[in-house]
Every structure is written in structure tokens, then in C-alpha cells.
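Asks: Structure incoming, see below.
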Amino acid sequence: MKKFLFVTTPALLLMVFLLPGTVMAQALDLTVSPISLDYSPKPGDVIRDKVTIHNNTAAPIILGLSVNSMTVDSEGNIIPGEIAVDSPDAKWISFGSSSVTAPVKEWLDVPFTISIPADAAYGHYFALVFSPPSSKPAGGTAAVQGNILVPILLNVRKDGAIAQASITDFKIKDFVTQYLPAQFSVTVKNSGNVHLRPRGNIFIRGTGKKDLAILEVNPGLGSILPQASRTYEASWTDGFLVKDETGKVNINWNKLTDFRLGKYSAYVLLAYDDGTKDVPIESALTFWVFPYTAVAVILIVIVLAIFLITYGFKAMVKKEARKIRT
């Protein structure tokens, strides 16, 4: 079974072979730069570039070089796939050799060439594949092999390119939440034929027009392939009472005036480049922050204080009345 990793930096890749009664693991520790490549060529252009690999292990590593296609399924998930040898796409990207040897504790440049056909148009998506040597376990056993993939996004500039996106879903995890964080998700669908990088903000407002918080959406400029959807997340954490990941409620005494209670609105405004200008897309929702546990405790304390004050006052009046009668 083969697994693919879209690389982060540093990249740690494990090759695990499952044998009867034993497990053997060999760690493959590489740093790869850049982690993705994005080009906007014209038909007929030739691109020459490189990926740099650092071998962090104590032994040289042989890596096979190949190219995969990248497509999306019916649900918008990115699917890497092998390119047939006789496919026209197989001639787009080439390396100087079929493999390289990454020396110990050194950087290695891996050059490649992208030849854009004269009749190419719009979005084309590939991945450079760096494959460690595979070992075949004994019969009847399974091998798990990981490959490092560096995505290549190509927007071939030609008349007819369509950059079009919309927000298909904007929601909050809990419509009524006791404590911050309020967790938002924004789903954007790319209905065009080139990839897009939407970016923007979520604006949080209370009863007034002043923005209480401005949250970034897609600060890393993650791409959406054509006909795919992608969900971005953001959290509002600025408040007096904030719950951490363990469920513990923390009190931020320096934000005593930021006690979040009541109805709030969230407005998301994103923009993407259609090749000539930034196109805005937007959506809005309302939600409530009502820390009923804290409110209940405060009310109990207030009621108890009123009771004690009232009881004490009545006791004092009775005491003074007895003094007068005597």
C-alpha cells in the first residue's frame, strides 16, 4: 500500500514494513524546499527550476524521481495519480536523471524542466515525487511506503481562463457557546478552470458597529483546485473567560472589560484574483455567547449577598427594638 505526503518543512517520512510477529521501521528524515511551486506561464514557455533537499540522516539516501498528476474527486478532495507513459502529460516535466543520491547532512539541488505545450490552456496540476528505495517483505505480508510529493500548480495564461469562486458554507461550531473560543469555518468552492488563493477576514461585532475582533482566513494562501472546495478555520479567543483545549476555563484578568455575553454577528469578507482584479465574496451569521455557568454563579452570589444583607439588617432592627423596650 502506497501513501503520499504533501511535504511540510522539515519533512519526516517513515517506511514501515509489517512482518509476521515483528515490526521494522526505517526513518527517512528530509527537509525539502520549497514545499510547493506555483507558475503562470504562457503556452509554449519552458520553465527551469529546482527543488532543494537536505538529508538529515547519517547515511546517503537514494531517491527515485517521478511525476504524478493531481486531480479532485466528486467531493473536492485532491487525489494524486500516476501518469501513463504514453500520456501527453508525461512529457510536461522532466528531470536530468531518474534518481539522485542525497549526501549526508548536505543540501542537494534537484533541477527539473517544465515544457508547456503550445496548445496548453488553463489549470494543470502535477506533483514531483521523491521515492525512497522500497523493500519487498515476505509473501503474505503488507508493505507501507511513503513518498514525498511537492505540488506544482500551473495556471497557463490564455483566453478563456475562468476564475470564479463562492462561499458555500459559513458556520460556527456552536450557535450558543458558554465561553470563547468561538470557532468558525468557511467553505469556498472554486467553480472556474484555474486554481485560486482566496484570503480575507472575519469581522466580529456586538451591539455596536465597532469591530470587536478581526480574524484572518487562509493567511498561508492555500490554493483551491478547479471544481474543488476547501474549508478554512478561524477562532475568536479574545475575552475575559476563555476555555483551553483541555476544557479548563481560564480567567484573563487583564481583559476584565471584555466579558463576552449576548448576541454577536460575524461577517466574512474574502477576495480572490481573477487575473485583472480582486473579486470579493462574503457571508454573515449571528451567534450567542452566554456563559450560563458563570452567570448562575454570579446570580447565586448576588442573591446570597442580598439575603445576608437583608437578614443582617432585620436582625439589627430587632436588636435595636429590644433595647428600646428595655
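Residues are referred to by chain and number: the chain letter is A, B, ... according to the order shown in the C-alpha cells, the number counts from 1 in that chain, and ligands are numbered separately from 1 in the order shown.
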Give me, as CSV, the closest atom pair and its distance (Å, one decimal) for every residue of segment 136-193 of chain A within a cut-off of 12 Å of segment 49-53 of chain A, counting only C-alpha atoms, rows sorted by chain and rising number.
Replies:
```
residue,atom,partner,partner_atom,distance
A:Ile148,CA,A:Ile53,CA,10.9
A:Leu149,CA,A:Val51,CA,11.2
A:Val150,CA,A:Val51,CA,8.6
A:Pro151,CA,A:Val51,CA,11.2
A:Ile152,CA,A:Val51,CA,11.2
```
Asks: Can I get the selection written as an mmCIF file, in the first residue's frame, with N, CA and C atoms?
Replies:
```
data_model
loop_
_atom_site.group_PDB
_atom_site.id
_atom_site.type_symbol
_atom_site.label_atom_id
_atom_site.label_comp_id
_atom_site.auth_asym_id
_atom_site.auth_seq_id
_atom_site.Cartn_x
_atom_site.Cartn_y
_atom_site.Cartn_z
ATOM 1 N N ILE A 148 7.497 11.438 -0.862
ATOM 2 C CA ILE A 148 7.388 12.879 -0.662
ATOM 3 C C ILE A 148 6.888 13.512 -1.959
ATOM 4 N N LEU A 149 5.820 14.309 -1.843
ATOM 5 C CA LEU A 149 5.240 14.984 -3.010
ATOM 6 C C LEU A 149 5.357 16.492 -2.849
ATOM 7 N N VAL A 150 5.841 17.150 -3.878
ATOM 8 C CA VAL A 150 5.894 18.613 -3.927
ATOM 9 C C VAL A 150 4.933 19.068 -5.020
ATOM 10 N N PRO A 151 3.780 19.658 -4.665
ATOM 11 C CA PRO A 151 2.786 20.050 -5.674
ATOM 12 C C PRO A 151 3.298 21.150 -6.605
ATOM 13 N N ILE A 152 2.907 21.050 -7.865
ATOM 14 C CA ILE A 152 3.169 22.090 -8.870
ATOM 15 C C ILE A 152 1.824 22.560 -9.412
#
```
Asks: Using only C-alpha atoms, which residues of segment 58-154 of chain A come within 9 Å of segment 160-179 of chain A, and what is the closest atom pair for each, with the distance in Å to one decimal? Give it as JSON lines, sorted by chain and residue number.
Replies:
```
{"residue": "A:Ala121", "atom": "CA", "partner": "A:Ala161", "partner_atom": "CA", "distance": 7.7}
{"residue": "A:Tyr122", "atom": "CA", "partner": "A:Ala161", "partner_atom": "CA", "distance": 5.6}
{"residue": "A:Gly123", "atom": "CA", "partner": "A:Ala161", "partner_atom": "CA", "distance": 8.4}
```
Asks: Please report the interatomic distance between atom CA of Leu63 of chain A and atom CA of Tyr125 of chain A in Å with one decimal.
Replies: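 Computing it gives 22.0 Å between the two atoms.
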Asks: Choose the residue, out of A:Lys42, A:Lys91, A:Arg230, A:His195, that has the smallest atom-to-atom separation from Ala120 of chain A; count only C-alpha atoms.
Replies: A:Lys42
Asks: Which of these, A:Pro226, A:Gly262, A:Pro60, A:Pro280, has the shortest distance to Arg199 of chain A once you count only C-alpha atoms?
Replies: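 Checking each of A:Pro226, A:Gly262, A:Pro60, A:Pro280 against Arg199 of chain A, counting only C-alpha atoms, the winner is A:Pro280.
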Asks: So, with only C-alpha atoms as the atoms that count, which of A:Phe112, A:Trp92, A:Tyr292, A:Phe184 lies closest to Glu233 of chain A?
Replies: A:Phe184
Asks: Can you pull out every residue within 12 Å of Ala182 of chain A, counting only C-alpha atoms, but drop anything in the same chain fewer than 4 positions away, and send it as a ChimeraX atom specification?
Replies: /A:171-178,202,204,213,215,233-239,241-244,260,264-266,286-290
Asks: Arg48 of chain A: which residues within 9 Å, counting only C-alpha atoms, same-chain residues fewer than 3 positions away excluded, as a list in words?
Replies: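 Selected residues are Pro111, Phe112, Thr113, Ile114 and Ser115 of chain A.
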Asks: If we count only C-alpha atoms, what is near Val110 of chain A at a cut-off of 12 Å, once residues fewer than 6 positions away on the same chain are taken out, given as an mmCIF file with C-alpha atoms, in the first residue's frame?
Replies:
```cif
data_model
loop_
_atom_site.group_PDB
_atom_site.id
_atom_site.type_symbol
_atom_site.label_atom_id
_atom_site.label_comp_id
_atom_site.auth_asym_id
_atom_site.auth_seq_id
_atom_site.Cartn_x
_atom_site.Cartn_y
_atom_site.Cartn_z
ATOM 1 C CA VAL A 32 12.519 19.922 1.337
ATOM 2 C CA SER A 33 12.324 23.473 -0.025
ATOM 3 C CA PRO A 34 10.085 24.849 -1.397
ATOM 4 C CA ARG A 48 13.609 25.594 -15.459
ATOM 5 C CA ASP A 49 13.659 25.397 -11.687
ATOM 6 C CA LYS A 50 14.841 23.225 -8.822
ATOM 7 C CA VAL A 51 13.825 21.674 -5.508
ATOM 8 C CA THR A 52 16.402 21.538 -2.733
ATOM 9 C CA ILE A 53 16.651 18.556 -0.399
ATOM 10 C CA HIS A 54 18.595 18.241 2.858
ATOM 11 C CA LEU A 63 15.628 8.857 -4.129
ATOM 12 C CA GLY A 64 13.770 7.936 -7.291
ATOM 13 C CA LEU A 65 12.365 10.880 -9.285
ATOM 14 C CA SER A 66 8.981 10.812 -10.986
ATOM 15 C CA SER A 94 11.445 16.058 -16.912
ATOM 16 C CA PHE A 95 14.451 15.535 -14.653
ATOM 17 C CA GLY A 96 18.109 15.192 -15.589
ATOM 18 C CA SER A 97 18.132 11.626 -14.245
ATOM 19 C CA SER A 98 15.746 9.036 -12.853
ATOM 20 C CA SER A 99 17.244 9.146 -9.350
ATOM 21 C CA VAL A 100 19.522 11.184 -7.094
ATOM 22 C CA THR A 101 21.621 10.425 -4.032
ATOM 23 C CA ALA A 102 21.160 12.819 -1.124
ATOM 24 C CA LEU A 128 7.156 15.996 -8.081
ATOM 25 C CA VAL A 129 7.601 12.605 -6.407
ATOM 26 C CA PHE A 130 10.695 11.678 -4.386
#
```
Asks: Enumerate, as a VMD selection string, the complete set of residues in segment 184-295 of chain A that a backbone-based DSSP assignment places in alpha helix (DSSP H).
Replies: chain A and resid 292 to 295
Asks: Return the single residue from A:Ile35, A:Ala294, A:Val104, A:Ile83 that is closest to Phe126 of chain A, with distances computed using only C-alpha atoms.
Replies: A:Ile83
Asks: Could you tell me how far atom CA of Ser131 of chain A lies from atom CA of Asn147 of chain A, in Å and to one decimal?
Replies: 4.9 Å
Asks: Please measure the separation of atom CA of Val156 of chain A and atom CA of Lys277 of chain A, giving the value in Å to one decimal.
Replies: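 Taking atom CA of Val156 of chain A and atom CA of Lys277 of chain A, their separation equals 17.6 Å.
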Asks: Using only C-alpha atoms, pick whichever of A:Ala90, A:Leu285, A:Ile251, A:Leu225 has the shortest atom-to-atom distance to Arg205 of chain A.
Replies: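 Of the candidates, the smallest distance to Arg205 of chain A is held by A:Leu285.
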